[in-house]
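Text of entry-v6.txt (compact mmCIF, C-alpha atoms (C1' of nucleotides)) as supplied:
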# COMPACT_ATOMS: atom_id res chain seq x y z
CA MET X 1 125.08 91.78 58.75
CA LYS X 2 126.26 92.77 62.16
CA LYS X 3 124.10 95.20 64.07
CA LYS X 4 125.72 98.40 65.15
CA LYS X 5 126.09 98.97 68.83
CA LEU X 6 124.53 101.90 70.61
CA LEU X 7 124.52 102.46 74.32
CA VAL X 8 122.06 104.89 75.88
CA ILE X 9 122.26 106.29 79.37
CA CYS X 10 119.15 108.09 80.50
CA GLY X 11 117.15 108.99 83.60
CA PRO X 12 116.10 112.04 85.55
CA THR X 13 118.31 114.98 86.25
CA ALA X 14 120.92 114.92 89.02
CA THR X 15 121.54 111.19 89.06
CA GLY X 16 125.08 111.21 87.72
CA LYS X 17 124.48 110.14 84.13
CA THR X 18 127.39 112.09 82.74
CA SER X 19 130.06 110.75 85.02
CA LEU X 20 128.87 107.22 84.46
CA ALA X 21 128.97 107.82 80.73
CA VAL X 22 132.50 109.16 80.92
CA SER X 23 133.81 106.18 82.79
CA LEU X 24 132.12 103.75 80.42
CA ALA X 25 133.38 105.66 77.42
CA LYS X 26 136.92 105.47 78.72
CA LYS X 27 136.71 101.81 79.42
CA PHE X 28 135.23 100.90 76.06
CA ASP X 29 136.84 103.61 74.01
CA ALA X 30 133.52 105.12 73.01
CA GLU X 31 132.36 108.64 72.17
CA LEU X 32 129.65 110.53 73.99
CA ILE X 33 126.67 112.22 72.42
CA SER X 34 124.75 114.49 74.73
CA ALA X 35 120.96 114.18 74.58
CA ASP X 36 120.22 117.41 76.30
CA SER X 37 117.98 120.05 74.82
CA ARG X 38 119.74 122.88 76.64
CA GLN X 39 123.37 122.05 76.35
CA VAL X 40 123.14 122.47 72.60
CA TYR X 41 123.18 126.23 73.17
CA LYS X 42 126.47 128.04 73.24
CA ASP X 43 127.29 130.24 76.24
CA MET X 44 124.61 128.71 78.39
CA ASP X 45 127.06 126.91 80.58
CA ILE X 46 126.73 127.37 84.30
CA VAL X 47 122.96 127.25 84.53
CA THR X 48 122.69 124.18 82.33
CA GLY X 49 125.52 122.49 84.18
CA LYS X 50 127.70 121.97 81.14
CA ASP X 51 130.90 121.90 83.12
CA LEU X 52 133.25 122.17 80.17
CA SER X 53 136.22 123.83 81.75
CA GLY X 54 138.98 124.05 79.20
CA LYS X 55 136.81 123.33 76.21
CA GLU X 56 139.38 121.73 74.01
CA ILE X 57 138.06 120.86 70.58
CA ILE X 58 138.95 117.70 68.66
CA GLU X 59 139.40 119.24 65.28
CA LYS X 60 140.17 116.08 63.35
CA LEU X 61 136.73 114.69 64.11
CA ARG X 62 134.90 117.68 62.67
CA LEU X 63 131.81 116.71 60.77
CA SER X 64 129.65 118.75 58.47
CA VAL X 65 125.95 117.98 58.40
CA ARG X 66 123.18 119.55 56.42
CA HIS X 67 119.80 120.00 58.01
CA SER X 68 116.84 122.00 56.75
CA ASP X 69 118.85 124.32 54.52
CA HIS X 70 121.60 124.89 57.04
CA GLU X 71 125.07 123.55 57.12
CA TYR X 72 126.14 122.61 60.63
CA SER X 73 129.79 122.16 61.37
CA LEU X 74 129.91 119.80 64.31
CA VAL X 75 132.90 119.13 66.45
CA PRO X 76 133.29 117.33 69.77
CA TYR X 77 134.92 118.57 72.92
CA MET X 78 137.54 116.60 74.71
CA PHE X 79 135.71 116.02 77.98
CA HIS X 80 137.61 114.13 80.67
CA ASP X 81 139.61 112.50 77.89
CA VAL X 82 136.53 111.45 75.99
CA PRO X 83 134.99 113.05 72.90
CA LEU X 84 131.68 114.71 73.71
CA TRP X 85 129.30 115.74 70.94
CA MET X 86 126.19 117.89 70.70
CA CYS X 87 127.16 120.60 73.14
CA ASP X 88 127.38 124.19 71.89
CA VAL X 89 125.99 123.52 68.45
CA VAL X 90 123.92 126.68 68.02
CA SER X 91 123.65 130.16 69.46
CA PRO X 92 120.87 130.77 71.95
CA ASN X 93 118.90 132.75 69.41
CA GLU X 94 119.18 130.15 66.67
CA ASP X 95 116.51 127.62 65.83
CA PHE X 96 116.85 124.25 67.41
CA SER X 97 114.42 121.41 67.96
CA VAL X 98 114.09 117.64 68.02
CA SER X 99 114.17 117.70 64.29
CA HIS X 100 117.66 119.18 64.34
CA TYR X 101 118.71 116.76 66.99
CA GLN X 102 117.40 113.82 65.03
CA GLY X 103 119.34 114.92 61.97
CA LEU X 104 122.58 116.01 63.57
CA ALA X 105 122.97 113.44 66.30
CA GLY X 106 121.85 110.76 63.87
CA ALA X 107 124.64 111.72 61.49
CA ILE X 108 127.21 111.76 64.28
CA ILE X 109 126.14 108.35 65.45
CA SER X 110 126.50 106.75 62.04
CA ASP X 111 129.83 108.45 61.57
CA ILE X 112 131.12 106.98 64.80
CA GLN X 113 129.68 103.58 64.09
CA ASN X 114 131.07 103.44 60.59
CA ASN X 115 134.49 104.87 61.20
CA ARG X 116 135.41 104.42 64.82
CA LYS X 117 134.23 102.60 67.94
CA PHE X 118 130.75 103.00 69.28
CA PRO X 119 128.58 105.84 70.52
CA ILE X 120 127.07 106.39 73.92
CA VAL X 121 124.05 108.68 73.99
CA VAL X 122 123.69 110.28 77.38
CA GLY X 123 121.07 112.71 78.59
CA GLY X 124 117.71 113.41 80.09
CA THR X 125 115.75 114.71 77.15
CA GLY X 126 113.51 111.74 76.48
CA LEU X 127 112.13 112.95 73.19
CA TYR X 128 115.61 113.51 71.78
CA ILE X 129 116.65 109.99 72.69
CA ARG X 130 113.46 108.73 71.15
CA SER X 131 114.20 110.52 67.93
CA ILE X 132 117.45 108.61 67.63
CA LEU X 133 115.92 105.23 68.33
CA THR X 134 112.86 105.70 66.15
CA PRO X 135 113.27 108.76 63.97
CA PHE X 136 109.92 110.25 63.08
CA GLU X 137 108.69 111.57 59.81
CA THR X 138 106.71 114.56 60.94
CA ALA X 139 109.99 116.00 62.13
CA SER X 140 110.50 117.08 58.56
CA VAL X 141 107.47 119.38 58.60
CA ALA X 142 109.03 122.72 59.34
CA PRO X 143 107.25 125.31 61.46
CA ASP X 144 105.10 127.81 59.64
CA GLU X 145 105.88 131.03 61.45
CA HIS X 146 102.98 132.91 59.92
CA LEU X 147 100.50 130.29 60.94
CA ARG X 148 101.95 130.09 64.43
CA LYS X 149 101.78 133.81 64.86
CA ASP X 150 98.17 133.91 63.77
CA LEU X 151 97.11 131.00 65.88
CA ALA X 152 98.88 132.33 68.94
CA GLN X 153 96.06 134.83 69.40
CA VAL X 154 93.32 132.28 69.06
CA SER X 155 91.32 130.77 71.91
CA LEU X 156 91.51 127.11 72.82
CA GLU X 157 88.03 126.43 71.54
CA GLU X 158 88.78 128.01 68.21
CA LEU X 159 91.94 125.98 67.88
CA GLN X 160 89.99 122.82 68.52
CA ASN X 161 87.44 123.77 65.90
CA LYS X 162 90.13 124.66 63.46
CA LEU X 163 91.80 121.28 63.78
CA LEU X 164 88.45 119.55 63.61
CA GLU X 165 87.82 121.37 60.37
CA VAL X 166 91.24 120.67 58.88
CA ASP X 167 91.43 117.04 59.92
CA SER X 168 88.78 115.64 62.18
CA GLU X 169 90.50 112.25 62.36
CA THR X 170 93.57 113.76 63.96
CA PHE X 171 91.48 115.62 66.46
CA LYS X 172 89.51 112.57 67.42
CA ASN X 173 92.69 110.65 68.05
CA LEU X 174 93.94 113.24 70.48
CA ASN X 175 93.65 112.50 74.18
CA GLU X 176 91.95 114.82 76.68
CA SER X 177 95.15 116.46 77.70
CA ASP X 178 96.36 117.22 74.18
CA ARG X 179 92.99 118.62 73.20
CA LYS X 180 93.50 121.28 75.79
CA ASN X 181 97.08 121.95 74.82
CA PRO X 182 97.28 124.94 72.46
CA ARG X 183 100.82 124.21 71.40
CA ARG X 184 99.97 120.69 70.37
CA LEU X 185 96.83 121.77 68.55
CA ILE X 186 98.76 124.35 66.60
CA ARG X 187 101.42 121.87 65.60
CA LYS X 188 98.78 119.37 64.48
CA ILE X 189 97.11 122.02 62.37
CA GLU X 190 100.47 122.93 60.96
CA ILE X 191 101.20 119.35 59.96
CA CYS X 192 97.79 118.85 58.42
CA LEU X 193 98.06 122.01 56.40
CA SER X 194 101.50 121.26 55.10
CA GLN X 195 101.43 119.70 51.68
CA LYS X 196 104.19 117.34 52.52
CA LYS X 197 103.48 113.69 51.92
CA LEU X 198 104.26 111.77 55.05
CA LEU X 199 105.01 108.14 55.52
CA LYS X 200 102.59 106.41 57.80
CA ASN X 201 105.10 104.75 60.04
CA ASP X 202 108.12 105.95 61.87
CA MET X 203 111.40 104.93 60.37
CA LYS X 204 113.04 102.03 62.07
CA THR X 205 116.59 101.84 63.14
CA ASP X 206 118.23 98.60 63.83
CA PHE X 207 120.85 99.02 66.50
CA ASP X 208 122.27 96.52 68.87
CA LEU X 209 120.92 98.59 71.69
CA LEU X 210 121.51 98.74 75.39
CA LEU X 211 119.49 101.17 77.49
CA ILE X 212 120.59 102.03 80.98
CA GLY X 213 118.50 104.19 83.29
CA LEU X 214 119.77 105.81 86.45
CA THR X 215 117.33 106.71 89.16
CA THR X 216 116.57 106.80 92.85
CA SER X 217 113.75 107.99 95.08
CA LEU X 218 112.30 111.39 94.28
CA GLY X 219 113.15 112.65 97.74
CA LYS X 220 116.81 112.00 97.14
CA ILE X 221 116.72 113.50 93.71
CA TYR X 222 115.18 116.66 95.17
CA LYS X 223 118.01 116.94 97.66
CA GLN X 224 120.58 116.54 94.93
CA ILE X 225 118.84 119.14 92.83
CA ASP X 226 118.70 121.68 95.63
CA ALA X 227 122.38 121.30 96.35
CA ARG X 228 123.20 121.61 92.70
CA VAL X 229 121.17 124.76 92.25
CA ASP X 230 122.90 126.37 95.21
CA ALA X 231 126.25 125.38 93.77
CA ARG X 232 125.42 126.85 90.39
CA ILE X 233 124.41 130.10 91.96
CA LYS X 234 127.70 130.18 93.81
CA SER X 235 129.60 129.65 90.60
CA GLY X 236 128.00 132.63 88.95
CA ALA X 237 124.75 131.45 87.46
CA LEU X 238 123.20 134.88 88.00
CA ASP X 239 125.88 136.63 85.99
CA GLU X 240 125.24 134.23 83.18
CA VAL X 241 121.49 134.84 83.31
CA LYS X 242 122.08 138.56 83.27
CA LYS X 243 124.39 138.28 80.30
CA MET X 244 121.94 136.15 78.35
CA GLN X 245 119.10 138.45 79.28
CA THR X 246 120.97 141.49 78.02
CA LEU X 247 121.89 139.75 74.81
CA TYR X 248 118.62 138.02 74.01
CA GLY X 249 115.87 138.91 76.48
CA PHE X 250 113.63 136.34 78.05
CA ASP X 251 111.40 135.65 75.10
CA ILE X 252 113.27 133.09 73.05
CA PRO X 253 112.96 129.31 73.42
CA SER X 254 116.44 128.81 74.83
CA MET X 255 115.59 131.19 77.65
CA THR X 256 112.66 129.04 78.75
CA GLY X 257 115.14 126.66 80.30
CA LEU X 258 115.21 126.04 84.01
CA GLY X 259 117.46 128.43 85.79
CA TYR X 260 116.82 131.24 83.32
CA LYS X 261 113.09 131.77 83.20
CA GLU X 262 112.80 132.01 86.98
CA TRP X 263 114.88 135.19 87.05
CA ARG X 264 112.66 137.25 84.86
CA GLU X 265 111.12 139.01 87.81
CA TYR X 266 114.45 139.75 89.38
CA PHE X 267 116.04 141.25 86.31
CA VAL X 268 113.01 142.86 84.78
CA LYS X 269 111.10 144.13 87.78
CA LYS X 270 112.80 144.53 91.10
CA SER X 271 116.26 143.40 91.92
CA ASP X 272 116.22 143.24 95.68
CA GLN X 273 117.59 140.55 97.89
CA SER X 274 114.26 139.04 98.87
CA VAL X 275 113.50 138.27 95.25
CA ILE X 276 116.72 136.32 94.93
CA SER X 277 115.65 133.72 97.45
CA GLU X 278 112.20 133.51 95.92
CA CYS X 279 113.63 132.92 92.47
CA THR X 280 116.10 130.39 93.80
CA GLN X 281 113.32 128.43 95.45
CA ARG X 282 111.26 128.68 92.29
CA TRP X 283 114.19 127.29 90.31
CA LYS X 284 114.50 124.34 92.67
CA TYR X 285 110.80 123.56 92.55
CA ASP X 286 110.80 123.74 88.77
CA GLU X 287 113.68 121.28 88.69
CA HIS X 288 111.74 118.94 90.97
CA ALA X 289 108.79 119.01 88.63
CA TYR X 290 111.10 118.46 85.70
CA ALA X 291 112.60 115.37 87.30
CA ARG X 292 109.09 114.04 87.81
CA ARG X 293 108.18 114.64 84.19
CA GLN X 294 111.33 112.87 83.10
CA MET X 295 110.39 109.89 85.23
CA THR X 296 106.94 109.66 83.73
CA TRP X 297 108.47 109.72 80.27
CA PHE X 298 111.15 107.14 80.94
CA ARG X 299 108.88 104.84 82.89
CA ARG X 300 106.94 104.30 79.73
CA GLU X 301 109.98 103.45 77.66
CA LYS X 302 110.45 99.74 77.49
CA ASP X 303 113.75 97.88 77.65
CA ILE X 304 115.50 100.27 80.01
CA HIS X 305 117.69 98.52 82.54
CA TRP X 306 117.19 100.55 85.67
CA PHE X 307 119.75 101.07 88.41
CA ASP X 308 119.25 102.79 91.73
CA ILE X 309 122.22 105.01 92.46
CA GLU X 310 121.71 104.43 96.15
CA ASP X 311 122.67 100.82 95.65
CA PRO X 312 126.39 100.62 96.47
CA GLN X 313 126.79 97.95 93.80
CA TYR X 314 125.20 99.83 90.96
CA GLU X 315 128.35 100.83 89.12
CA LYS X 316 129.72 97.35 89.31
CA ASN X 317 126.44 95.93 88.07
CA ILE X 318 126.30 98.32 85.16
CA ASP X 319 129.85 97.53 84.30
CA SER X 320 129.23 93.85 84.01
CA LEU X 321 126.05 94.36 82.06
CA VAL X 322 127.81 96.59 79.56
CA SER X 323 130.81 94.27 79.28
CA LYS X 324 128.59 91.38 78.51
CA TRP X 325 126.65 93.34 75.92
CA TYR X 326 129.79 94.77 74.39
CA THR X 327 131.46 91.45 73.76
CA GLU X 328 128.33 89.77 72.55
CA GLU X 329 127.90 89.60 68.79
CA LYS X 330 124.40 90.20 67.61
CA ASN X 331 123.29 89.68 64.07
CA SER X 332 120.55 91.58 62.52
CA VAL X 333 117.57 89.51 61.54
CA ILE X 334 115.81 92.05 59.43
CA ALA X 335 117.68 95.04 58.18
CA SER X 336 114.90 97.52 57.85
CA SER X 337 114.69 101.14 57.10
CA ALA X 338 111.80 103.45 56.39
C1' G F 1 98.70 147.04 130.96
C1' C F 2 95.34 149.52 127.38
C1' U F 3 93.51 149.94 122.26
C1' G F 4 92.97 148.02 117.35
C1' G F 5 93.75 143.86 113.80
C1' G F 6 94.15 138.69 113.20
C1' A F 7 93.97 133.05 113.83
C1' U F 8 91.04 128.92 107.48
C1' G F 9 93.14 122.56 104.44
C1' G F 10 101.34 121.05 103.74
C1' C F 11 102.17 126.48 102.80
C1' G F 12 100.23 131.35 101.00
C1' G F 13 95.42 133.23 100.73
C1' A F 14 89.74 134.06 99.50
C1' G F 15 85.27 133.39 101.94
C1' U F 16 81.57 136.99 106.70
C1' G F 17 74.58 132.73 108.31
C1' G F 18 72.53 128.03 104.12
C1' U F 19 74.22 126.60 97.12
C1' C F 20 81.37 125.31 101.68
C1' A F 21 85.11 119.82 102.21
C1' A F 22 85.71 125.57 101.51
C1' A F 23 87.69 130.01 95.41
C1' C F 24 92.61 130.96 93.71
C1' G F 25 97.88 130.16 93.89
C1' U F 26 101.69 126.96 95.36
C1' A F 27 103.95 122.40 96.99
C1' U F 28 103.19 117.25 96.45
C1' C F 29 101.50 112.77 93.71
C1' A F 30 100.12 110.73 89.08
C1' G F 31 99.50 111.09 83.76
C1' A F 32 100.06 112.85 78.57
C1' C F 33 103.61 113.83 74.87
C1' U F 34 106.67 112.73 67.80
C1' G F 35 110.07 120.49 64.94
C1' U F 36 109.46 125.17 71.30
C1' A F 37 110.34 118.86 75.23
C1' A F 38 114.59 122.09 81.05
C1' A F 39 108.88 123.25 76.57
C1' U F 40 103.59 122.51 76.64
C1' C F 41 99.30 120.26 78.65
C1' U F 42 95.84 117.05 81.92
C1' G F 43 94.06 114.81 86.50
C1' A F 44 94.17 114.03 91.91
C1' C F 45 94.98 116.42 96.34
C1' G F 46 90.74 116.09 104.74
C1' C F 47 89.43 110.75 105.91
C1' C F 48 86.46 106.32 104.55
C1' C F 49 83.21 103.32 101.22
C1' U F 50 82.09 102.84 95.49
C1' A F 51 84.06 100.56 88.98
C1' A F 52 81.14 104.98 88.59
C1' C F 53 76.78 108.10 89.84
C1' G F 54 76.96 108.79 94.74
C1' G F 55 77.19 108.23 100.02
C1' G F 56 79.20 108.52 105.13
C1' C F 57 82.45 110.82 108.77
C1' U F 58 85.61 114.71 110.70
C1' A F 59 86.90 119.89 109.71
C1' C F 60 87.95 126.77 109.29
C1' C F 61 92.61 128.26 117.16
C1' U F 62 89.90 126.11 122.00
C1' A F 63 85.40 125.76 125.00
C1' G F 64 80.56 127.16 125.41
C1' G F 65 76.17 129.70 123.28
C1' U F 66 72.42 131.84 119.57
C1' U F 67 69.93 129.61 115.22
C1' C F 68 65.98 124.93 111.65
C1' G F 69 71.17 125.82 109.98
C1' A F 70 77.65 128.85 111.74
C1' A F 71 84.22 129.02 108.87
C1' U F 72 80.78 133.10 109.04
C1' C F 73 76.89 135.92 114.84
C1' C F 74 77.61 136.16 120.61
C1' U F 75 80.62 135.02 125.26
C1' A F 76 85.04 133.42 127.54
C1' G F 77 89.95 131.65 126.91
C1' U F 78 94.79 130.85 124.26
C1' C F 79 98.29 132.57 120.84
C1' C F 80 100.15 136.22 117.08
C1' C F 81 100.75 141.22 115.01
C1' A F 82 100.40 146.64 115.13
C1' G F 83 99.67 151.30 117.92
C1' C F 84 99.60 153.42 122.80
C1' A F 85 101.77 153.12 127.91

Written as structure tokens, how would this file's structure read?
Amino acid sequence: MKKKKLLVICGPTATGKTSLAVSLAKKFDAELISADSRQVYKDMDIVTGKDLSGKEIIEKLRLSVRHSDHEYSLVPYMFHDVPLWMCDVVSPNEDFSVSHYQGLAGAIISDIQNNRKFPIVVGGTGLYIRSILTPFETASVAPDEHLRKDLAQVSLEELQNKLLEVDSETFKNLNESDRKNPRRLIRKIEICLSQKKLLKNDMKTDFDLLLIGLTTSLGKIYKQIDARVDARIKSGALDEVKKMQTLYGFDIPSMTGLGYKEWREYFVKKSDQSVISECTQRWKYDEHAYARRQMTWFRREKDIHWFDIEDPQYEKNIDSLVSKWYTEEKNSVIASSA
RNA sequence: GCUGGGAUGGCGGAGUGGUCAAACGUAUCAGACUGUAAAUCUGACGCCCUAACGGGCUACCUAGGUUCGAAUCCUAGUCCCAGCA
């Protein structure tokens, strides 16, 4: 049995992943799947850098996918002459998480692989990419809103004790950092309390995989980020924030994204000019930190072929790598699942 | 020119005789991570040695001084800010 091809383009923000993906998709007649935890939200366009002017939909590719009691009707945009999936899939106030991504993007990928050419996953959300490559079982344990609400009031120490009581093994396996992370502790408790029977191992996928990472020095990334933030503000980012704020407020997950959360003070407290520059700087710094976090995630992922975008040859090098991979036939040795 | 306030680690900003290499915040660097992931959390952060416990050196504008001991008190100087002229 022939393995199915999947190309992944990842790396920190502001390194030109999308435009690389577009040119590769054109060349190899592929479809793009965004791996971006923020671009899944409708109407959050300028701040998240969606850049979907025109927004023409490819109706004939529409795909209906069921995930945790919801029916999602997915459809790609025509983006620079290439189909682009997983943008605008839910409203900002709708539930969305890795679990959704794993289900929806997974379905899109098989659909493309079975019926058309091949998919290119492109984005900077490491966990989402991970969920495609090795889907995980605990993703099926849905949040328990009651429990979360209760535990939100509880002190760190109490959370630790609670988890210790519910499942001491799990607690002992946690590292120092996670033991001090309330959100993680709550989720662990949630999983342990759920009656769901879980498989021990992650499910395995068996793609003919090529991972490409784009990067460069942090200093250069910071410069890129700063310029991009300024540009987004010029194109009306603030109006978008204001609109979202009026519609949803600042207290929903989608509003914790970079470029939104920083404006809370400006829109809620005092809206004078001096605050604008403070918030803008804050936004830039937060993006810097985000790029760093992305790097620490991706550094740990094995099998990524890294390219420095400062290298004048990088596009050429990627091109030949992909061409070689694309024409190469790889047979699956063990077809495994679950 | 006079009067008052101030000068602290990359930045902001505590500290007013010992427990201060100096709270806290922030930037920066590194790390974690499996239904909030652009989220959440952890560590480092004057220099040097040590695997670590720890130790050494240099530091709170500058120069002197008081004191067993000073970022903290005194004197002079430099610069900054505010009020007066």

Please find the residues of chain F near chain X - the criterion being any atom within 8 Å, counting all atoms listed in the file - and write them as a VMD selection string. chain F and resid 31 to 32 34 to 42

Requested write-out: C-alpha atoms (C1' of nucleotides) of the selected residues, as a CSV table (one decimal), in the frame of the given file:
chain,number,residue,atom,x,y,z
F,31,G,C1',99.5,111.1,83.8
F,32,A,C1',100.1,112.8,78.6
F,34,U,C1',106.7,112.7,67.8
F,35,G,C1',110.1,120.5,64.9
F,36,U,C1',109.5,125.2,71.3
F,37,A,C1',110.3,118.9,75.2
F,38,A,C1',114.6,122.1,81.0
F,39,A,C1',108.9,123.2,76.6
F,40,U,C1',103.6,122.5,76.6
F,41,C,C1',99.3,120.3,78.6
F,42,U,C1',95.8,117.0,81.9

Test item: residues at most 8 Å from region 70-82 of chain F, all atoms listed in the file, excluding those fewer than 6 positions along its chain, as a list in words: G4, G5, G6, A7, U8, U16, G17, C60, C61, U62, A63 and G64 of chain F

### Message
If I take CA of Ile33 (chain X) and CA of Leu84 (chain X), how far is one from the other in Å, to one decimal?
### Response
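Going from CA of Ile33 (chain X) over to CA of Leu84 (chain X), I get 5.7 Å.
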
Computed gap from CA of Asp167 (chain X) to CA of Leu193 (chain X) is 9.0 Å

Restricting to only C-alpha atoms, whichever of X:Val47, X:Leu164, X:Val65, X:Leu321 is closest to Gly236 (chain X) is X:Val47

Using only C-alpha atoms (C1' of nucleotides), which residues sit within 12 Å of Ser168 (chain X) once same-chain residues fewer than 5 positions away are excluded, as a compact mmCIF listing (two decimals) with C-alpha atoms, in the coordinates of the input?
# COMPACT_ATOMS: atom_id res chain seq x y z
CA GLN X 160 89.99 122.82 68.52
CA ASN X 161 87.44 123.77 65.90
CA LYS X 162 90.13 124.66 63.46
CA LEU X 163 91.80 121.28 63.78
CA ASN X 173 92.69 110.65 68.05
CA LEU X 174 93.94 113.24 70.48
CA LEU X 185 96.83 121.77 68.55
CA LYS X 188 98.78 119.37 64.48
CA ILE X 189 97.11 122.02 62.37
CA CYS X 192 97.79 118.85 58.42

Padding 5 Å on each side, edges along x, y and z: where is the centre of the box around the listed atoms of region 272-275 of chain X, and how long are its edges in Å to one decimal? Output it as lines of an AutoDock Vina configuration file.
center_x = 115.5
center_y = 140.8
center_z = 97.1
size_x = 14.1
size_y = 15.0
size_z = 13.6

Using the partial input, fill out region 311-333 of chain X with N, CA and C atoms; write the result as a CSV table (one decimal), in the coordinates of the input.
chain,number,residue,atom,x,y,z
X,311,ASP,N,122.1,102.2,95.5
X,311,ASP,CA,122.7,100.8,95.6
X,311,ASP,C,124.2,100.9,95.5
X,312,PRO,N,124.9,100.5,96.5
X,312,PRO,CA,126.4,100.6,96.5
X,312,PRO,C,127.0,99.8,95.3
X,313,GLN,N,126.3,98.8,94.9
X,313,GLN,CA,126.8,98.0,93.8
X,313,GLN,C,126.5,98.4,92.4
X,314,TYR,N,125.8,99.6,92.3
X,314,TYR,CA,125.2,99.8,91.0
X,314,TYR,C,126.2,100.0,89.8
X,315,GLU,N,127.4,100.6,90.2
X,315,GLU,CA,128.4,100.8,89.1
X,315,GLU,C,128.9,99.5,88.7
X,316,LYS,N,129.2,98.7,89.6
X,316,LYS,CA,129.7,97.4,89.3
X,316,LYS,C,128.7,96.6,88.4
X,317,ASN,N,127.5,96.6,88.8
X,317,ASN,CA,126.4,95.9,88.1
X,317,ASN,C,126.3,96.4,86.6
X,318,ILE,N,126.4,97.7,86.5
X,318,ILE,CA,126.3,98.3,85.2
X,318,ILE,C,127.5,97.9,84.3
X,319,ASP,N,128.6,97.9,85.0
X,319,ASP,CA,129.8,97.5,84.3
X,319,ASP,C,129.8,96.1,83.7
X,320,SER,N,129.3,95.2,84.5
X,320,SER,CA,129.2,93.8,84.0
X,320,SER,C,128.2,93.7,82.9
X,321,LEU,N,127.1,94.4,83.1
X,321,LEU,CA,126.0,94.4,82.1
X,321,LEU,C,126.6,94.9,80.7
X,322,VAL,N,127.3,96.0,80.8
X,322,VAL,CA,127.8,96.6,79.6
X,322,VAL,C,128.9,95.7,79.0
X,323,SER,N,129.7,95.2,79.8
X,323,SER,CA,130.8,94.3,79.3
X,323,SER,C,130.2,93.1,78.5
X,324,LYS,N,129.2,92.5,79.1
X,324,LYS,CA,128.6,91.4,78.5
X,324,LYS,C,128.0,91.8,77.1
X,325,TRP,N,127.3,92.9,77.2
X,325,TRP,CA,126.6,93.3,75.9
X,325,TRP,C,127.7,93.7,74.9
X,326,TYR,N,128.8,94.3,75.3
X,326,TYR,CA,129.8,94.8,74.4
X,326,TYR,C,130.5,93.6,73.7
X,327,THR,N,130.7,92.5,74.4
X,327,THR,CA,131.5,91.4,73.8
X,327,THR,C,130.6,90.5,73.0
X,328,GLU,N,129.3,90.7,73.2
X,328,GLU,CA,128.3,89.8,72.6
X,328,GLU,C,128.1,90.2,71.1
X,329,GLU,N,128.2,89.3,70.2
X,329,GLU,CA,127.9,89.6,68.8
X,329,GLU,C,126.4,89.4,68.5
X,330,LYS,N,125.8,90.4,67.9
X,330,LYS,CA,124.4,90.2,67.6
X,330,LYS,C,124.2,90.4,66.1
X,331,ASN,N,123.5,89.5,65.5
X,331,ASN,CA,123.3,89.7,64.1
X,331,ASN,C,121.9,90.2,63.8
X,332,SER,N,121.8,91.0,62.8
X,332,SER,CA,120.6,91.6,62.5
X,332,SER,C,119.7,90.6,61.8
X,333,VAL,N,118.5,90.5,62.2
X,333,VAL,CA,117.6,89.5,61.5
X,333,VAL,C,116.9,90.2,60.3
